[in-house]
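Asker: So that we are looking at the same thing, I have put the structure below in structure tokens.
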Amino acid sequence: MSEDEDRIVGLLRGLDVDPDRPARVDLAGAVREARRRRRSRRTMSVSAAGLAVVAAVAVPLLPGGGPPTDRPPAVWPAAPSAAGGPSPVPAGPTTCLVEPLEVPGRYAGTMVTGGDPTGRFLVGLPLPGDDRGTPVIVWDGEEARQYQLPGAEARLVDVSSTGLAVGSTYVGDRPQPWVVRDGRPARLPGVREGEATAVSEDSRIVGARLTDDRQIPVLWSSPVELPVELPLPGRTWAGTAVGVDSAGTVVGKLQDGPHGGFRAVVWRAGGGPEVLPLPEVEGGTATEFVAHTFQGGWITGTAIREVAGARYEHPARYHLPTGRYVPLPPPTTPSTRPTPPDGGAGAAPGIVSPSPSEGGGPGSAGPPPVSGGDGSPGGSPDAARLPAASGVDAGGSAWRGFAINAGNGRGWVVGSVGKRQAGLLTDTGLVSLAGWDGDRGRYATAVTVSDDGRVIGGQLHVEPEIGGGPASLAVRWRCR
Amino acid sequence: MPDASEQEYVEYLSARLPMLHRLAYSLCGNSDQADDLVQEAATRLFQRWSQASRADQIDAYVRTVVVRLFLDSRRKGWWRIRLFAAPPDVRRTEDRGVEERTVLRDALERVPPRQRAVLVLRFLHDLSVEEVARVLGCSAGTVKSQTSHGLAAMRRLLDGAELMETTKGAVR
């Protein structure tokens, strides 16, 4: 080594100092994440091998020794109809029973605003909010805990399976991002005005910073770390992040200028921003795609096609790992299939068909498109035979009466049918989410669904004769 | 309730976190990015813990994971996202050597990642040429040439900086 090189080496050794702070590494989190990856790898192996028969056996593919607090298995027993098919179609629940979510105290109403992927936690709020502020609520199973945030219109909108809940509150008419962590509300650092919209299983949080009324998407690597701004596709773009996963992938809904249509944008660990293409819907290419949630690789949202000033909305889902839009089946029930391959199991209680006026009636529904189709909801065999944008009745502009609120890690979505009935739409079809006594709930909607589809949160608007006045009531549907 | 292997993993890694964080910090020069590297390395280690825990040179294995993750992150460019609007870097101004280290650190960060890894492993973590070759999965000859290129790059980057003159002869 030359003298000159020796000198450089000597200088380099001057950098042999300890970091400016100790390591912040979460070993428990590493263990959880490693187990999750093992599970998803097993899942992928099963899918890749096309082992529908294996998946049809009702045995969850849990690795040995996994703690009971782990997330549910990523593989769900496939529908009998899928056995022998090219790829297993996970069967969703068929029967759901509603139960009220209790809240201590007297309120005119309550709402659910989010839930975690395992179904353990739901978050919500009591109504009406007023200037004094109302608490936010975290339901852990049957137990409701209330937390007071400063300001007004406080709301939590997402929660992880560890109970880390995120949301915002308005102080002096300006939003602030907050979390409820270990039973304590805390303001998220580094953003004076903004919101938190979603949290990953490993406590990454996304949302937006508000700068001169322009939203800039941000990512907090943890609730105690300063956020980073996510790069925008262009100088005039703005918007908020709507979801983040444990691999660090972030999804947002952004628009180019205040009047630009919404687009879904992805920042993968390793790059970004990527503006996703617009989906094909009935009648042509959508003019906007508004992402609502990002869970288990699925971006679910509302595709909007504007024709002559009228806006037609369609639920849409994009599967990020395969890079395709995957059509949702029409919001009709399996019982309306011409020849139910499962012998009519779809006629189980809890499943109803929307009225013909809401679009999709008997005879219009074919076999559900399976995941990995041609990427075009409009390309499903029956879609072409249906009138486009049928929801001009009570269903408003929603796709065949179905308006979407959120999706889960299997690409299933929840929302409302005809704005009157809450519903879960899986690859097998629509599961109606009834109120008590069948039809007394009105203006009901579902706003969150667990990854296994067994827990759904939402609200019913209770009739006057029941509640003493029209009121929203937070409920949970338990499904099987 | 953690099982025995999880307990063993946590015990092993807890003891080595400072070493791994220091290595990651030397490579990327930023505590937050160092945390990310070690967090990911810890995850991957647990994924393979049943095999890794039986390995003869588990320390070398974990170190290799950290270095390769660092090189991978540079290749993919995700680190730029973190740097974007990163919080201000708070440096300890009471330290007399801070200015010198800042200049050195800036120069090191501009050396290509693979050469930087060689310099860090050889001269900040005292690994032999053979050990560095194993970590990077290359030959000893390549390590030597990367060392030479890396030092030359440092020399060029520091050229013109007063540091070279003021410290000439002062070190060693």
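If you're wondering about the labels, chains in the structure tokens are A, B, ... by order shown, residues count from 1 in each chain, ligands from 1 in order shown.
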Residues of chain A near chain B: apply a cut-off of 6 Å, count only C-alpha atoms, and supply the list as a tab-separated table (two decimals) with all heavy atoms, in the first residue's frame.
Answerer:
```
chain	number	residue	atom	x	y	z
A	10	GLY	N	-5.64	6.08	7.12
A	10	GLY	CA	-5.57	6.73	8.44
A	10	GLY	C	-6.73	7.69	8.64
A	10	GLY	O	-7.34	7.75	9.72
A	13	ARG	N	-9.99	5.84	9.25
A	13	ARG	CA	-10.14	5.29	10.60
A	13	ARG	C	-10.70	6.34	11.57
A	13	ARG	O	-11.23	6.00	12.61
A	13	ARG	CB	-8.81	4.74	11.11
A	13	ARG	CG	-8.37	3.48	10.39
A	13	ARG	CD	-7.21	2.82	11.10
A	13	ARG	NE	-6.53	1.84	10.26
A	13	ARG	CZ	-6.95	0.57	10.09
A	13	ARG	NH1	-8.04	0.16	10.70
A	13	ARG	NH2	-6.28	-0.24	9.31
A	16	ASP	N	-14.25	5.89	12.63
A	16	ASP	CA	-14.60	4.76	13.48
A	16	ASP	C	-15.20	5.27	14.79
A	16	ASP	O	-14.59	5.18	15.85
A	16	ASP	CB	-13.35	3.92	13.74
A	16	ASP	CG	-13.70	2.64	14.47
A	16	ASP	OD1	-14.90	2.30	14.53
A	16	ASP	OD2	-12.77	1.99	14.97
A	23	ALA	N	-29.21	2.03	18.48
A	23	ALA	CA	-30.09	1.42	17.48
A	23	ALA	C	-31.53	1.42	17.95
A	23	ALA	O	-31.81	1.30	19.14
A	23	ALA	CB	-29.64	-0.02	17.21
A	24	ARG	N	-32.43	1.63	17.02
A	24	ARG	CA	-33.87	1.48	17.31
A	24	ARG	C	-34.39	0.34	16.45
A	24	ARG	O	-34.87	0.56	15.34
A	24	ARG	CB	-34.61	2.77	16.96
A	24	ARG	CG	-34.28	3.93	17.90
A	24	ARG	CD	-35.04	5.17	17.44
A	24	ARG	NE	-34.54	6.35	18.13
A	24	ARG	CZ	-34.51	7.56	17.60
A	24	ARG	NH1	-34.97	7.75	16.39
A	24	ARG	NH2	-34.05	8.58	18.28
A	25	VAL	N	-34.21	-0.83	16.94
A	25	VAL	CA	-34.61	-2.01	16.18
A	25	VAL	C	-35.61	-2.81	17.01
A	25	VAL	O	-35.40	-3.03	18.20
A	25	VAL	CB	-33.38	-2.86	15.81
A	25	VAL	CG1	-33.80	-4.14	15.14
A	25	VAL	CG2	-32.45	-2.08	14.90
A	30	ALA	N	-39.47	-7.89	14.08
A	30	ALA	CA	-38.75	-8.69	13.09
A	30	ALA	C	-39.27	-10.12	13.09
A	30	ALA	O	-39.45	-10.73	12.03
A	30	ALA	CB	-37.25	-8.66	13.39
A	34	ALA	N	-41.09	-11.84	9.97
A	34	ALA	CA	-40.51	-13.05	9.40
A	34	ALA	C	-41.57	-14.15	9.31
A	34	ALA	O	-41.66	-14.85	8.30
A	34	ALA	CB	-39.33	-13.52	10.25
A	228	VAL	N	-41.37	11.40	6.37
A	228	VAL	CA	-40.76	11.85	5.13
A	228	VAL	C	-41.87	12.12	4.13
A	228	VAL	O	-42.91	11.46	4.16
A	228	VAL	CB	-39.79	10.81	4.53
A	228	VAL	CG1	-38.56	10.66	5.38
A	228	VAL	CG2	-40.46	9.47	4.33
A	229	GLU	N	-41.67	13.12	3.30
A	229	GLU	CA	-42.63	13.39	2.24
A	229	GLU	C	-42.37	12.43	1.10
A	229	GLU	O	-41.22	12.17	0.74
A	229	GLU	CB	-42.48	14.83	1.75
A	229	GLU	CG	-42.96	15.84	2.77
A	229	GLU	CD	-42.92	17.27	2.23
A	229	GLU	OE1	-42.57	17.45	1.05
A	229	GLU	OE2	-43.24	18.18	3.00
A	269	ALA	N	-41.02	-0.07	-2.16
A	269	ALA	CA	-39.71	0.00	-1.53
A	269	ALA	C	-38.69	-0.16	-2.64
A	269	ALA	O	-38.50	-1.25	-3.15
A	269	ALA	CB	-39.57	-1.09	-0.49
A	270	GLY	N	-38.08	0.89	-3.02
A	270	GLY	CA	-37.14	0.81	-4.12
A	270	GLY	C	-37.42	1.83	-5.19
A	270	GLY	O	-36.67	1.94	-6.15
A	271	GLY	N	-38.47	2.59	-5.07
A	271	GLY	CA	-38.70	3.59	-6.09
A	271	GLY	C	-40.00	4.31	-5.99
A	271	GLY	O	-40.53	4.46	-4.91
```
Asker: Would you pick out the contacts of segment 415-426 of chain A at 6 Å or less, using only C-alpha atoms, so that residues sharing its chain but fewer than 6 positions from it are not included, and give the list as a PyMOL selection string?
Answerer: chain A and resi 92+394-395+401-405+432-433+442-446
Asker: Would you save the residues of that selection, restricted to C-alpha atoms, as a CSV table (one decimal), in the first residue's frame?
Answerer:
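Dumped to again_33.csv:
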```csv
chain,number,residue,atom,x,y,z
A,92,GLY,CA,-65.9,-16.1,1.4
A,394,ALA,CA,-81.9,4.3,-5.7
A,395,GLY,CA,-78.4,3.1,-6.2
A,401,GLY,CA,-76.3,-0.4,-7.0
A,402,PHE,CA,-73.0,-1.3,-5.2
A,403,ALA,CA,-70.9,1.4,-3.7
A,404,ILE,CA,-67.6,0.4,-2.2
A,405,ASN,CA,-66.1,1.7,1.0
A,432,SER,CA,-76.0,-9.3,2.3
A,433,LEU,CA,-75.4,-7.8,5.7
A,442,ARG,CA,-82.0,1.4,6.6
A,443,TYR,CA,-79.3,3.3,5.0
A,444,ALA,CA,-76.8,0.8,6.2
A,445,THR,CA,-73.2,0.5,5.1
A,446,ALA,CA,-70.2,-1.6,5.9
```
Asker: Would you pick out the contacts of Lys144 of chain B at 12 Å or less, using only C-alpha atoms, so that residues sharing its chain but fewer than 2 positions from it are not included, and give the list as a list in words?
Answerer: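 Residues near the query, excluding close chain neighbours: Met1 of chain A; Gln115, Val118, Leu119, Arg122, Ser128, Val129, Glu130, Glu131, Val132, Ala133, Cys138, Ser139, Ala140, Gly141, Thr142, Gln146, Thr147, Ser148, His149, Gly150 and Leu151 of chain B.
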Asker: To one decimal place in Å, what is the distance between atom CA of Gly261 of chain A and atom CA of Val290 of chain A?
Answerer: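 Answer for the atom CA of Gly261 of chain A to atom CA of Val290 of chain A separation: 8.6 Å.
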